[in-house]
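**Student:** See target_29.txt below, with compact mmCIF, N, CA and C atoms.
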```
# COMPACT_ATOMS: atom_id res chain seq x y z
N MET Q 13 23.24 -6.37 -10.26
CA MET Q 13 22.34 -6.09 -9.15
C MET Q 13 21.26 -7.18 -9.11
N ALA Q 14 20.93 -7.61 -7.92
CA ALA Q 14 19.89 -8.63 -7.76
C ALA Q 14 18.55 -8.09 -8.24
N GLU Q 15 17.77 -8.93 -8.89
CA GLU Q 15 16.45 -8.54 -9.37
C GLU Q 15 15.45 -8.59 -8.21
N ALA Q 16 14.90 -7.44 -7.86
CA ALA Q 16 14.06 -7.32 -6.66
C ALA Q 16 12.88 -8.29 -6.67
N GLU Q 17 12.20 -8.41 -7.79
CA GLU Q 17 11.04 -9.32 -7.83
C GLU Q 17 11.46 -10.74 -7.51
N LEU Q 18 12.59 -11.18 -8.06
CA LEU Q 18 13.04 -12.55 -7.83
C LEU Q 18 13.50 -12.77 -6.40
N VAL Q 19 14.10 -11.75 -5.80
CA VAL Q 19 14.48 -11.84 -4.39
C VAL Q 19 13.24 -12.06 -3.53
N LEU Q 20 12.20 -11.27 -3.78
CA LEU Q 20 10.98 -11.38 -2.96
C LEU Q 20 10.20 -12.64 -3.26
N VAL Q 21 10.22 -13.11 -4.49
CA VAL Q 21 9.59 -14.40 -4.79
C VAL Q 21 10.28 -15.51 -4.00
N ALA Q 22 11.61 -15.49 -3.99
CA ALA Q 22 12.35 -16.52 -3.24
C ALA Q 22 12.00 -16.47 -1.76
N TRP Q 23 11.94 -15.26 -1.18
CA TRP Q 23 11.61 -15.12 0.24
C TRP Q 23 10.20 -15.66 0.52
N LEU Q 24 9.24 -15.24 -0.28
CA LEU Q 24 7.85 -15.63 -0.02
C LEU Q 24 7.59 -17.10 -0.29
N ARG Q 25 8.28 -17.70 -1.24
CA ARG Q 25 8.12 -19.14 -1.47
C ARG Q 25 8.56 -19.93 -0.24
N ALA Q 26 9.64 -19.49 0.38
CA ALA Q 26 10.10 -20.17 1.59
C ALA Q 26 9.17 -19.91 2.76
N ALA Q 27 8.65 -18.69 2.85
CA ALA Q 27 7.79 -18.31 3.98
C ALA Q 27 6.37 -18.86 3.85
N PHE Q 28 5.91 -19.08 2.61
CA PHE Q 28 4.54 -19.53 2.37
C PHE Q 28 4.56 -20.74 1.43
N PRO Q 29 5.01 -21.89 1.92
CA PRO Q 29 5.16 -23.06 1.05
C PRO Q 29 3.85 -23.60 0.50
N ASN Q 30 2.72 -23.24 1.09
CA ASN Q 30 1.43 -23.72 0.59
C ASN Q 30 0.78 -22.76 -0.41
N ALA Q 31 1.47 -21.67 -0.75
CA ALA Q 31 0.94 -20.70 -1.70
C ALA Q 31 1.75 -20.74 -2.99
N ARG Q 32 1.10 -20.44 -4.08
CA ARG Q 32 1.80 -20.24 -5.35
C ARG Q 32 2.35 -18.82 -5.31
N VAL Q 33 3.64 -18.64 -5.53
CA VAL Q 33 4.28 -17.32 -5.53
C VAL Q 33 4.99 -17.14 -6.87
N ALA Q 34 4.68 -16.05 -7.57
CA ALA Q 34 5.25 -15.82 -8.89
C ALA Q 34 5.21 -14.33 -9.22
N THR Q 35 5.82 -13.97 -10.34
CA THR Q 35 5.78 -12.58 -10.79
C THR Q 35 4.58 -12.31 -11.67
N GLU Q 36 3.88 -13.35 -12.09
CA GLU Q 36 2.67 -13.20 -12.89
C GLU Q 36 1.65 -14.21 -12.41
N THR Q 37 0.39 -13.85 -12.54
CA THR Q 37 -0.65 -14.81 -12.17
C THR Q 37 -0.77 -15.85 -13.27
N PRO Q 38 -0.91 -17.11 -12.90
CA PRO Q 38 -1.04 -18.16 -13.91
C PRO Q 38 -2.43 -18.13 -14.56
N ALA Q 39 -2.53 -18.71 -15.73
CA ALA Q 39 -3.80 -18.77 -16.45
C ALA Q 39 -4.85 -19.54 -15.65
N ASN Q 40 -4.41 -20.50 -14.85
CA ASN Q 40 -5.33 -21.32 -14.05
C ASN Q 40 -5.37 -20.84 -12.60
N LEU Q 41 -5.36 -19.54 -12.39
CA LEU Q 41 -5.27 -18.95 -11.06
C LEU Q 41 -6.27 -19.56 -10.08
N ALA Q 42 -7.51 -19.73 -10.50
CA ALA Q 42 -8.54 -20.26 -9.60
C ALA Q 42 -8.21 -21.67 -9.11
N ASP Q 43 -7.35 -22.38 -9.84
CA ASP Q 43 -7.00 -23.75 -9.47
C ASP Q 43 -5.76 -23.84 -8.58
N VAL Q 44 -5.06 -22.72 -8.37
CA VAL Q 44 -3.81 -22.78 -7.62
C VAL Q 44 -3.80 -21.82 -6.43
N LEU Q 45 -4.95 -21.60 -5.85
CA LEU Q 45 -5.06 -20.69 -4.71
C LEU Q 45 -4.55 -21.39 -3.45
N PRO Q 46 -3.99 -20.64 -2.52
CA PRO Q 46 -3.75 -19.19 -2.56
C PRO Q 46 -2.57 -18.87 -3.46
N CYS Q 47 -2.53 -17.62 -3.92
CA CYS Q 47 -1.48 -17.19 -4.83
C CYS Q 47 -1.01 -15.79 -4.43
N ILE Q 48 0.30 -15.57 -4.52
CA ILE Q 48 0.88 -14.25 -4.26
C ILE Q 48 1.63 -13.84 -5.51
N ALA Q 49 1.22 -12.71 -6.10
CA ALA Q 49 1.91 -12.18 -7.28
C ALA Q 49 2.75 -10.98 -6.86
N VAL Q 50 4.03 -11.01 -7.20
CA VAL Q 50 4.98 -9.97 -6.82
C VAL Q 50 5.31 -9.13 -8.05
N SER Q 51 5.15 -7.80 -7.94
CA SER Q 51 5.49 -6.94 -9.08
C SER Q 51 6.07 -5.62 -8.60
N ARG Q 52 7.15 -5.25 -9.25
CA ARG Q 52 7.80 -3.97 -8.93
C ARG Q 52 7.05 -2.86 -9.68
N PHE Q 53 6.82 -1.74 -8.99
CA PHE Q 53 6.15 -0.62 -9.66
C PHE Q 53 6.93 0.68 -9.55
N GLY Q 54 8.10 0.65 -9.00
CA GLY Q 54 8.90 1.87 -8.90
C GLY Q 54 10.07 1.69 -7.99
N GLY Q 55 10.61 2.82 -7.55
CA GLY Q 55 11.78 2.80 -6.70
C GLY Q 55 13.03 3.00 -7.53
N ALA Q 56 14.09 3.43 -6.90
CA ALA Q 56 15.31 3.74 -7.63
C ALA Q 56 16.53 3.16 -6.93
N ASP Q 57 17.58 2.97 -7.73
CA ASP Q 57 18.84 2.56 -7.15
C ASP Q 57 19.55 3.81 -6.62
N GLU Q 58 20.74 3.63 -6.10
CA GLU Q 58 21.48 4.75 -5.52
C GLU Q 58 22.79 4.94 -6.26
N GLU Q 59 23.54 5.96 -5.85
CA GLU Q 59 24.84 6.21 -6.47
C GLU Q 59 25.75 5.01 -6.34
N ILE Q 60 25.67 4.34 -5.20
CA ILE Q 60 26.42 3.10 -5.04
C ILE Q 60 25.64 2.03 -5.79
N PRO Q 61 26.21 1.44 -6.83
CA PRO Q 61 25.41 0.60 -7.73
C PRO Q 61 24.87 -0.70 -7.14
N THR Q 62 25.25 -1.06 -5.94
CA THR Q 62 24.73 -2.32 -5.39
C THR Q 62 23.51 -2.11 -4.49
N PHE Q 63 23.08 -0.86 -4.29
CA PHE Q 63 21.92 -0.58 -3.45
C PHE Q 63 20.70 -0.29 -4.31
N ASP Q 64 19.57 -0.84 -3.93
CA ASP Q 64 18.32 -0.63 -4.64
C ASP Q 64 17.21 -0.42 -3.62
N ASN Q 65 16.26 0.42 -3.95
CA ASN Q 65 15.12 0.71 -3.08
C ASN Q 65 13.81 0.50 -3.85
N PRO Q 66 13.52 -0.73 -4.25
CA PRO Q 66 12.33 -0.98 -5.05
C PRO Q 66 11.04 -0.84 -4.25
N MET Q 67 9.99 -0.41 -4.95
CA MET Q 67 8.63 -0.46 -4.41
C MET Q 67 7.94 -1.61 -5.12
N LEU Q 68 7.29 -2.45 -4.32
CA LEU Q 68 6.67 -3.66 -4.87
C LEU Q 68 5.24 -3.82 -4.38
N ASP Q 69 4.42 -4.38 -5.25
CA ASP Q 69 3.06 -4.79 -4.88
C ASP Q 69 3.07 -6.29 -4.65
N PHE Q 70 2.30 -6.71 -3.66
CA PHE Q 70 2.11 -8.13 -3.36
C PHE Q 70 0.61 -8.38 -3.43
N ASP Q 71 0.15 -8.91 -4.57
CA ASP Q 71 -1.27 -9.19 -4.76
C ASP Q 71 -1.55 -10.59 -4.23
N CYS Q 72 -2.43 -10.66 -3.25
CA CYS Q 72 -2.73 -11.91 -2.55
C CYS Q 72 -4.12 -12.38 -2.96
N TYR Q 73 -4.19 -13.52 -3.62
CA TYR Q 73 -5.43 -14.07 -4.14
C TYR Q 73 -5.87 -15.27 -3.31
N ALA Q 74 -7.17 -15.36 -3.10
CA ALA Q 74 -7.75 -16.50 -2.39
C ALA Q 74 -9.21 -16.64 -2.82
N ALA Q 75 -9.84 -17.70 -2.34
CA ALA Q 75 -11.23 -17.96 -2.72
C ALA Q 75 -12.21 -17.05 -1.99
N THR Q 76 -11.84 -16.59 -0.80
CA THR Q 76 -12.75 -15.72 -0.05
C THR Q 76 -12.03 -14.43 0.34
N ARG Q 77 -12.83 -13.42 0.64
CA ARG Q 77 -12.28 -12.14 1.07
C ARG Q 77 -11.46 -12.30 2.36
N GLY Q 78 -11.97 -13.06 3.30
CA GLY Q 78 -11.26 -13.28 4.56
C GLY Q 78 -9.92 -13.97 4.36
N GLU Q 79 -9.88 -14.97 3.50
CA GLU Q 79 -8.62 -15.68 3.23
C GLU Q 79 -7.62 -14.77 2.54
N ALA Q 80 -8.07 -13.96 1.59
CA ALA Q 80 -7.18 -13.03 0.89
C ALA Q 80 -6.65 -11.98 1.86
N ARG Q 81 -7.49 -11.47 2.74
CA ARG Q 81 -7.07 -10.49 3.74
C ARG Q 81 -6.03 -11.10 4.68
N THR Q 82 -6.32 -12.29 5.18
CA THR Q 82 -5.39 -12.96 6.09
C THR Q 82 -4.04 -13.18 5.43
N LEU Q 83 -4.04 -13.59 4.17
CA LEU Q 83 -2.79 -13.81 3.44
C LEU Q 83 -2.02 -12.50 3.29
N ALA Q 84 -2.70 -11.42 2.93
CA ALA Q 84 -2.02 -10.13 2.75
C ALA Q 84 -1.40 -9.64 4.06
N TYR Q 85 -2.11 -9.80 5.16
CA TYR Q 85 -1.56 -9.39 6.46
C TYR Q 85 -0.38 -10.29 6.86
N ALA Q 86 -0.44 -11.56 6.51
CA ALA Q 86 0.68 -12.46 6.80
C ALA Q 86 1.90 -12.11 5.96
N VAL Q 87 1.68 -11.73 4.70
CA VAL Q 87 2.78 -11.28 3.84
C VAL Q 87 3.41 -10.03 4.45
N ARG Q 88 2.58 -9.07 4.84
CA ARG Q 88 3.12 -7.85 5.46
C ARG Q 88 3.94 -8.19 6.70
N SER Q 89 3.43 -9.04 7.54
CA SER Q 89 4.13 -9.41 8.76
C SER Q 89 5.47 -10.08 8.45
N SER Q 90 5.48 -10.98 7.50
CA SER Q 90 6.71 -11.67 7.13
C SER Q 90 7.75 -10.69 6.60
N LEU Q 91 7.32 -9.78 5.74
CA LEU Q 91 8.26 -8.82 5.17
C LEU Q 91 8.75 -7.82 6.21
N ARG Q 92 7.85 -7.28 7.00
CA ARG Q 92 8.22 -6.25 7.97
C ARG Q 92 9.01 -6.81 9.16
N ASN Q 93 8.64 -7.99 9.64
CA ASN Q 93 9.23 -8.52 10.86
C ASN Q 93 10.37 -9.52 10.65
N ASP Q 94 10.32 -10.27 9.57
CA ASP Q 94 11.27 -11.36 9.39
C ASP Q 94 12.33 -11.12 8.31
N LEU Q 95 11.99 -10.37 7.26
CA LEU Q 95 12.92 -10.17 6.15
C LEU Q 95 14.13 -9.28 6.49
N PRO Q 96 13.97 -8.15 7.19
CA PRO Q 96 15.14 -7.31 7.44
C PRO Q 96 16.27 -8.09 8.14
N GLY Q 97 17.48 -7.91 7.60
CA GLY Q 97 18.64 -8.60 8.14
C GLY Q 97 18.93 -9.94 7.49
N GLN Q 98 18.12 -10.31 6.50
CA GLN Q 98 18.28 -11.61 5.85
C GLN Q 98 18.95 -11.47 4.48
N MET Q 99 19.70 -12.50 4.12
CA MET Q 99 20.31 -12.62 2.80
C MET Q 99 19.43 -13.55 1.98
N VAL Q 100 18.94 -13.08 0.84
CA VAL Q 100 18.03 -13.87 0.01
C VAL Q 100 18.41 -13.69 -1.45
N ALA Q 101 18.64 -14.77 -2.15
CA ALA Q 101 18.86 -14.76 -3.60
C ALA Q 101 19.85 -13.69 -4.04
N GLY Q 102 20.97 -13.58 -3.33
CA GLY Q 102 22.02 -12.65 -3.72
C GLY Q 102 21.86 -11.22 -3.24
N ALA Q 103 20.90 -10.97 -2.36
CA ALA Q 103 20.70 -9.62 -1.85
C ALA Q 103 20.47 -9.64 -0.34
N PHE Q 104 21.00 -8.61 0.33
CA PHE Q 104 20.78 -8.43 1.75
C PHE Q 104 19.66 -7.41 1.91
N ALA Q 105 18.58 -7.80 2.60
CA ALA Q 105 17.45 -6.91 2.84
C ALA Q 105 17.67 -6.21 4.17
N SER Q 106 17.82 -4.89 4.13
CA SER Q 106 18.11 -4.18 5.37
C SER Q 106 16.93 -3.43 5.95
N ARG Q 107 15.91 -3.15 5.12
CA ARG Q 107 14.80 -2.36 5.64
C ARG Q 107 13.55 -2.60 4.79
N VAL Q 108 12.41 -2.63 5.45
CA VAL Q 108 11.12 -2.74 4.77
C VAL Q 108 10.20 -1.66 5.31
N ARG Q 109 9.63 -0.88 4.42
CA ARG Q 109 8.69 0.18 4.80
C ARG Q 109 7.38 -0.05 4.06
N THR Q 110 6.28 0.07 4.76
CA THR Q 110 4.97 -0.06 4.13
C THR Q 110 4.68 1.19 3.31
N VAL Q 111 4.29 1.00 2.07
CA VAL Q 111 3.84 2.08 1.19
C VAL Q 111 2.33 2.18 1.30
N ALA Q 112 1.65 1.04 1.27
CA ALA Q 112 0.20 0.98 1.43
C ALA Q 112 -0.14 -0.33 2.11
N GLY Q 113 -0.83 -0.25 3.23
CA GLY Q 113 -1.21 -1.45 3.97
C GLY Q 113 -2.16 -2.31 3.16
N PRO Q 114 -2.39 -3.54 3.61
CA PRO Q 114 -3.28 -4.44 2.89
C PRO Q 114 -4.65 -3.80 2.64
N VAL Q 115 -5.09 -3.89 1.40
CA VAL Q 115 -6.36 -3.28 1.00
C VAL Q 115 -7.04 -4.19 -0.02
N TRP Q 116 -8.36 -4.28 0.09
CA TRP Q 116 -9.12 -5.05 -0.89
C TRP Q 116 -8.99 -4.38 -2.24
N THR Q 117 -8.74 -5.19 -3.27
CA THR Q 117 -8.57 -4.69 -4.63
C THR Q 117 -9.51 -5.47 -5.54
N PRO Q 118 -10.40 -4.80 -6.26
CA PRO Q 118 -11.32 -5.52 -7.15
C PRO Q 118 -10.56 -6.39 -8.15
N TYR Q 119 -11.19 -7.49 -8.54
CA TYR Q 119 -10.60 -8.39 -9.52
C TYR Q 119 -11.70 -8.84 -10.46
N ASP Q 120 -11.36 -9.03 -11.73
CA ASP Q 120 -12.36 -9.34 -12.76
C ASP Q 120 -13.11 -10.65 -12.55
N ASN Q 121 -12.46 -11.61 -11.96
CA ASN Q 121 -13.10 -12.91 -11.75
C ASN Q 121 -13.85 -12.88 -10.42
N PRO Q 122 -15.18 -12.96 -10.45
CA PRO Q 122 -15.95 -12.88 -9.21
C PRO Q 122 -15.78 -14.10 -8.29
N ALA Q 123 -15.11 -15.14 -8.77
CA ALA Q 123 -14.87 -16.32 -7.93
C ALA Q 123 -13.60 -16.17 -7.10
N LEU Q 124 -12.86 -15.09 -7.31
CA LEU Q 124 -11.60 -14.86 -6.60
C LEU Q 124 -11.65 -13.55 -5.84
N ARG Q 125 -10.85 -13.47 -4.79
CA ARG Q 125 -10.73 -12.23 -4.04
C ARG Q 125 -9.26 -11.86 -3.97
N ARG Q 126 -8.99 -10.54 -3.96
CA ARG Q 126 -7.60 -10.06 -3.96
C ARG Q 126 -7.44 -8.93 -2.94
N PHE Q 127 -6.38 -9.04 -2.16
CA PHE Q 127 -5.92 -7.95 -1.30
C PHE Q 127 -4.50 -7.63 -1.76
N THR Q 128 -4.15 -6.35 -1.73
CA THR Q 128 -2.82 -5.91 -2.16
C THR Q 128 -2.11 -5.20 -1.02
N TYR Q 129 -0.85 -5.54 -0.86
CA TYR Q 129 0.04 -4.87 0.09
C TYR Q 129 1.20 -4.29 -0.71
N SER Q 130 1.63 -3.07 -0.39
CA SER Q 130 2.74 -2.44 -1.11
C SER Q 130 3.84 -2.05 -0.12
N ALA Q 131 5.09 -2.27 -0.54
CA ALA Q 131 6.22 -1.98 0.35
C ALA Q 131 7.42 -1.46 -0.45
N ARG Q 132 8.27 -0.70 0.24
CA ARG Q 132 9.58 -0.30 -0.28
C ARG Q 132 10.60 -1.11 0.52
N ILE Q 133 11.50 -1.77 -0.19
CA ILE Q 133 12.46 -2.65 0.45
C ILE Q 133 13.86 -2.25 0.04
N ARG Q 134 14.72 -2.03 1.00
CA ARG Q 134 16.11 -1.66 0.71
C ARG Q 134 16.93 -2.93 0.57
N LEU Q 135 17.51 -3.09 -0.63
CA LEU Q 135 18.31 -4.28 -0.94
C LEU Q 135 19.75 -3.88 -1.26
N HIS Q 136 20.67 -4.67 -0.78
CA HIS Q 136 22.09 -4.50 -1.09
C HIS Q 136 22.55 -5.77 -1.77
N SER Q 137 22.82 -5.68 -3.06
CA SER Q 137 23.24 -6.87 -3.82
C SER Q 137 24.65 -7.27 -3.40
N GLN Q 138 24.86 -8.57 -3.32
CA GLN Q 138 26.15 -9.13 -2.92
C GLN Q 138 26.75 -9.90 -4.09
N GLU Q 139 28.06 -9.89 -4.16
CA GLU Q 139 28.76 -10.68 -5.17
C GLU Q 139 28.57 -12.15 -4.87
N ALA Q 140 28.49 -12.94 -5.91
CA ALA Q 140 28.32 -14.38 -5.73
C ALA Q 140 29.62 -15.04 -5.30
```
Take the structure in the file and write it out as structure tokens.
**Tutor:**
Amino acid sequence: MAEAELVLVAWLRAAFPNARVATETPANLADVLPCIAVSRFGGADEEIPTFDNPMLDFDCYAATRGEARTLAYAVRSSLRNDLPGQMVAGAFASRVRTVAGPVWTPYDNPALRRFTYSARIRLHSQEA
């Protein structure tokens, strides 16, 4: 089965070539803004072993609150409007549902701002 985080990292890297996209924030986060961190926090597969319904967080980091908000809304738009129907990194994305719309999320470093968007994405893994 395709790894959901890696599928979404591949999609977002192509959609946001000027942003750092990864499954973990780098140690030098303040130096590589904007940054999108993708992490799965739940969701389950189905009886058919090639279907997965992961829930993922997309943490969008930027230098200002406005930039972080704009990035989070752009991520939501890309996922909701452009991803369904696409084949990415060995998986077909058939549906995207918002779990929680973009929201400001406190972050320990006062020089950075973070907005988080959460979604459930239906993936169908394909044979290589």
**Student:** Within 9 Å of Leu45 of chain Q, counting only C-alpha atoms, which residues show up once you throw out same-chain ones fewer than 2 positions away? Write them as a PyMOL selection string, please.
**Tutor:** chain Q and resi 30-32+41-43+47-48+73-75+124
**Student:** For a cut-off of 7 Å around (15.5, -10.6, 3.0), file coordinates, pick out all residues using all atoms listed in the file and list them as a PyMOL selection string.
**Tutor:** chain Q and resi 23+94-100+103-106
**Student:** DSSP on the backbone: what in segment 42-126 of chain Q comes out helix (DSSP H, G or I), as a PyMOL selection string?
**Tutor:** chain Q and resi 42-43+77-94
**Student:** How about saving the chosen residues, N, CA and C atoms kept, as an mmCIF file, in the frame of the given file?
**Tutor:**
```
data_model
loop_
_atom_site.group_PDB
_atom_site.id
_atom_site.type_symbol
_atom_site.label_atom_id
_atom_site.label_comp_id
_atom_site.auth_asym_id
_atom_site.auth_seq_id
_atom_site.Cartn_x
_atom_site.Cartn_y
_atom_site.Cartn_z
ATOM 1 N N ALA Q 42 -7.510 -19.730 -10.500
ATOM 2 C CA ALA Q 42 -8.540 -20.260 -9.600
ATOM 3 C C ALA Q 42 -8.210 -21.670 -9.110
ATOM 4 N N ASP Q 43 -7.350 -22.380 -9.840
ATOM 5 C CA ASP Q 43 -7.000 -23.750 -9.470
ATOM 6 C C ASP Q 43 -5.760 -23.840 -8.580
ATOM 7 N N ARG Q 77 -12.830 -13.420 0.640
ATOM 8 C CA ARG Q 77 -12.280 -12.140 1.070
ATOM 9 C C ARG Q 77 -11.460 -12.300 2.360
ATOM 10 N N GLY Q 78 -11.970 -13.060 3.300
ATOM 11 C CA GLY Q 78 -11.260 -13.280 4.560
ATOM 12 C C GLY Q 78 -9.920 -13.970 4.360
ATOM 13 N N GLU Q 79 -9.880 -14.970 3.500
ATOM 14 C CA GLU Q 79 -8.620 -15.680 3.230
ATOM 15 C C GLU Q 79 -7.620 -14.770 2.540
ATOM 16 N N ALA Q 80 -8.070 -13.960 1.590
ATOM 17 C CA ALA Q 80 -7.180 -13.030 0.890
ATOM 18 C C ALA Q 80 -6.650 -11.980 1.860
ATOM 19 N N ARG Q 81 -7.490 -11.470 2.740
ATOM 20 C CA ARG Q 81 -7.070 -10.490 3.740
ATOM 21 C C ARG Q 81 -6.030 -11.100 4.680
ATOM 22 N N THR Q 82 -6.320 -12.290 5.180
ATOM 23 C CA THR Q 82 -5.390 -12.960 6.090
ATOM 24 C C THR Q 82 -4.040 -13.180 5.430
ATOM 25 N N LEU Q 83 -4.040 -13.590 4.170
ATOM 26 C CA LEU Q 83 -2.790 -13.810 3.440
ATOM 27 C C LEU Q 83 -2.020 -12.500 3.290
ATOM 28 N N ALA Q 84 -2.700 -11.420 2.930
ATOM 29 C CA ALA Q 84 -2.020 -10.130 2.750
ATOM 30 C C ALA Q 84 -1.400 -9.640 4.060
ATOM 31 N N TYR Q 85 -2.110 -9.800 5.160
ATOM 32 C CA TYR Q 85 -1.560 -9.390 6.460
ATOM 33 C C TYR Q 85 -0.380 -10.290 6.860
ATOM 34 N N ALA Q 86 -0.440 -11.560 6.510
ATOM 35 C CA ALA Q 86 0.680 -12.460 6.800
ATOM 36 C C ALA Q 86 1.900 -12.110 5.960
ATOM 37 N N VAL Q 87 1.680 -11.730 4.700
ATOM 38 C CA VAL Q 87 2.780 -11.280 3.840
ATOM 39 C C VAL Q 87 3.410 -10.030 4.450
ATOM 40 N N ARG Q 88 2.580 -9.070 4.840
ATOM 41 C CA ARG Q 88 3.120 -7.850 5.460
ATOM 42 C C ARG Q 88 3.940 -8.190 6.700
ATOM 43 N N SER Q 89 3.430 -9.040 7.540
ATOM 44 C CA SER Q 89 4.130 -9.410 8.760
ATOM 45 C C SER Q 89 5.470 -10.080 8.450
ATOM 46 N N SER Q 90 5.480 -10.980 7.500
ATOM 47 C CA SER Q 90 6.710 -11.670 7.130
ATOM 48 C C SER Q 90 7.750 -10.690 6.600
ATOM 49 N N LEU Q 91 7.320 -9.780 5.740
ATOM 50 C CA LEU Q 91 8.260 -8.820 5.170
ATOM 51 C C LEU Q 91 8.750 -7.820 6.210
ATOM 52 N N ARG Q 92 7.850 -7.280 7.000
ATOM 53 C CA ARG Q 92 8.220 -6.250 7.970
ATOM 54 C C ARG Q 92 9.010 -6.810 9.160
ATOM 55 N N ASN Q 93 8.640 -7.990 9.640
ATOM 56 C CA ASN Q 93 9.230 -8.520 10.860
ATOM 57 C C ASN Q 93 10.370 -9.520 10.650
ATOM 58 N N ASP Q 94 10.320 -10.270 9.570
ATOM 59 C CA ASP Q 94 11.270 -11.360 9.390
ATOM 60 C C ASP Q 94 12.330 -11.120 8.310
#
```
**Student:** How many Å separate atom C of Ile60 of chain Q from atom N of Ala131 of chain Q?
**Tutor:**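 The value is 21.6 Å.
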**Student:** Just list the residues in chain Q DSSP gives strand (DSSP E or B) on the backbone, as a VMD selection string.
**Tutor:** chain Q and resid 32 to 34 47 to 57 63 to 74 98 to 100 103 to 116 125 to 137
**Student:** Find, counting all atoms listed in the file, the residue in Q:Val21, Q:Ala80, Q:Val115, Q:Gln138 that gets nearest to Pro46 of chain Q.
**Tutor:**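 Distance minimum relative to Pro46 of chain Q lands on Q:Ala80.
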**Student:** Looking at Q:Val50, Q:Glu36, Q:Leu135, Q:Leu91, which one is nearest to Cys72 of chain Q, with distances taken over all atoms listed in the file?
**Tutor:** Q:Val50
**Student:** Nearest residue to Arg88 of chain Q out of Q:Gly102, Q:Pro114, Q:Ala14, Q:Thr62, using all atoms listed in the file?
**Tutor:**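 Residue with the minimum atom-to-atom distance to Arg88 of chain Q: Q:Pro114.
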**Student:** Using all atoms listed in the file, which residue out of Q:Met13, Q:Ala123, Q:Ala112, Q:Ala86 lies closest to Asp64 of chain Q?
**Tutor:**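 Looking only at the distances to Asp64 of chain Q, the closest residue turns out to be Q:Met13.
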**Student:** Tell me which of Q:Ser90, Q:Tyr85, Q:Arg107, Q:Pro118 sits closest to Ala27 of chain Q, counting only N, CA and C atoms.
**Tutor:**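 The closest residue to Ala27 of chain Q is Q:Ser90.
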**Student:** Report the distance between atom CA of Ala56 of chain Q and atom N of Glu15 of chain Q in Å, rounded to one decimal place.
**Tutor:**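 Distance reported for this atom pair: 13.0 Å.
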**Student:** Pop segment 89-102 of chain Q out of the structure in the block and write N, CA and C atoms as a PDB file, in the first residue's frame.
**Tutor:**
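Output file decode_15.pdb follows:
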```pdb
ATOM      1  N   SER Q  89      -6.871  24.435  -0.911  1.00  0.00           N
ATOM      2  CA  SER Q  89      -7.404  24.569  -2.260  1.00  0.00           C
ATOM      3  C   SER Q  89      -6.788  23.537  -3.207  1.00  0.00           C
ATOM      4  N   SER Q  90      -5.489  23.357  -3.131  1.00  0.00           N
ATOM      5  CA  SER Q  90      -4.813  22.390  -3.985  1.00  0.00           C
ATOM      6  C   SER Q  90      -5.313  20.973  -3.724  1.00  0.00           C
ATOM      7  N   LEU Q  91      -5.444  20.620  -2.460  1.00  0.00           N
ATOM      8  CA  LEU Q  91      -5.892  19.277  -2.117  1.00  0.00           C
ATOM      9  C   LEU Q  91      -7.357  19.057  -2.486  1.00  0.00           C
ATOM     10  N   ARG Q  92      -8.207  20.007  -2.156  1.00  0.00           N
ATOM     11  CA  ARG Q  92      -9.648  19.847  -2.387  1.00  0.00           C
ATOM     12  C   ARG Q  92     -10.021  19.951  -3.870  1.00  0.00           C
ATOM     13  N   ASN Q  93      -9.381  20.864  -4.595  1.00  0.00           N
ATOM     14  CA  ASN Q  93      -9.784  21.140  -5.970  1.00  0.00           C
ATOM     15  C   ASN Q  93      -8.968  20.424  -7.044  1.00  0.00           C
ATOM     16  N   ASP Q  94      -7.695  20.184  -6.768  1.00  0.00           N
ATOM     17  CA  ASP Q  94      -6.815  19.664  -7.809  1.00  0.00           C
ATOM     18  C   ASP Q  94      -6.396  18.204  -7.621  1.00  0.00           C
ATOM     19  N   LEU Q  95      -6.292  17.735  -6.380  1.00  0.00           N
ATOM     20  CA  LEU Q  95      -5.815  16.378  -6.129  1.00  0.00           C
ATOM     21  C   LEU Q  95      -6.795  15.270  -6.542  1.00  0.00           C
ATOM     22  N   PRO Q  96      -8.098  15.381  -6.256  1.00  0.00           N
ATOM     23  CA  PRO Q  96      -8.998  14.278  -6.621  1.00  0.00           C
ATOM     24  C   PRO Q  96      -8.916  13.941  -8.115  1.00  0.00           C
ATOM     25  N   GLY Q  97      -8.803  12.639  -8.384  1.00  0.00           N
ATOM     26  CA  GLY Q  97      -8.696  12.176  -9.760  1.00  0.00           C
ATOM     27  C   GLY Q  97      -7.269  12.048 -10.262  1.00  0.00           C
ATOM     28  N   GLN Q  98      -6.303  12.345  -9.402  1.00  0.00           N
ATOM     29  CA  GLN Q  98      -4.899  12.315  -9.812  1.00  0.00           C
ATOM     30  C   GLN Q  98      -4.192  11.063  -9.293  1.00  0.00           C
ATOM     31  N   MET Q  99      -3.226  10.608 -10.071  1.00  0.00           N
ATOM     32  CA  MET Q  99      -2.347   9.507  -9.685  1.00  0.00           C
ATOM     33  C   MET Q  99      -1.044  10.126  -9.194  1.00  0.00           C
ATOM     34  N   VAL Q 100      -0.655   9.821  -7.960  1.00  0.00           N
ATOM     35  CA  VAL Q 100       0.544  10.411  -7.367  1.00  0.00           C
ATOM     36  C   VAL Q 100       1.298   9.341  -6.595  1.00  0.00           C
ATOM     37  N   ALA Q 101       2.556   9.155  -6.904  1.00  0.00           N
ATOM     38  CA  ALA Q 101       3.451   8.273  -6.136  1.00  0.00           C
ATOM     39  C   ALA Q 101       2.828   6.910  -5.849  1.00  0.00           C
ATOM     40  N   GLY Q 102       2.214   6.307  -6.861  1.00  0.00           N
ATOM     41  CA  GLY Q 102       1.665   4.968  -6.717  1.00  0.00           C
ATOM     42  C   GLY Q 102       0.272   4.876  -6.139  1.00  0.00           C
TER      43      GLY Q 102
END
```
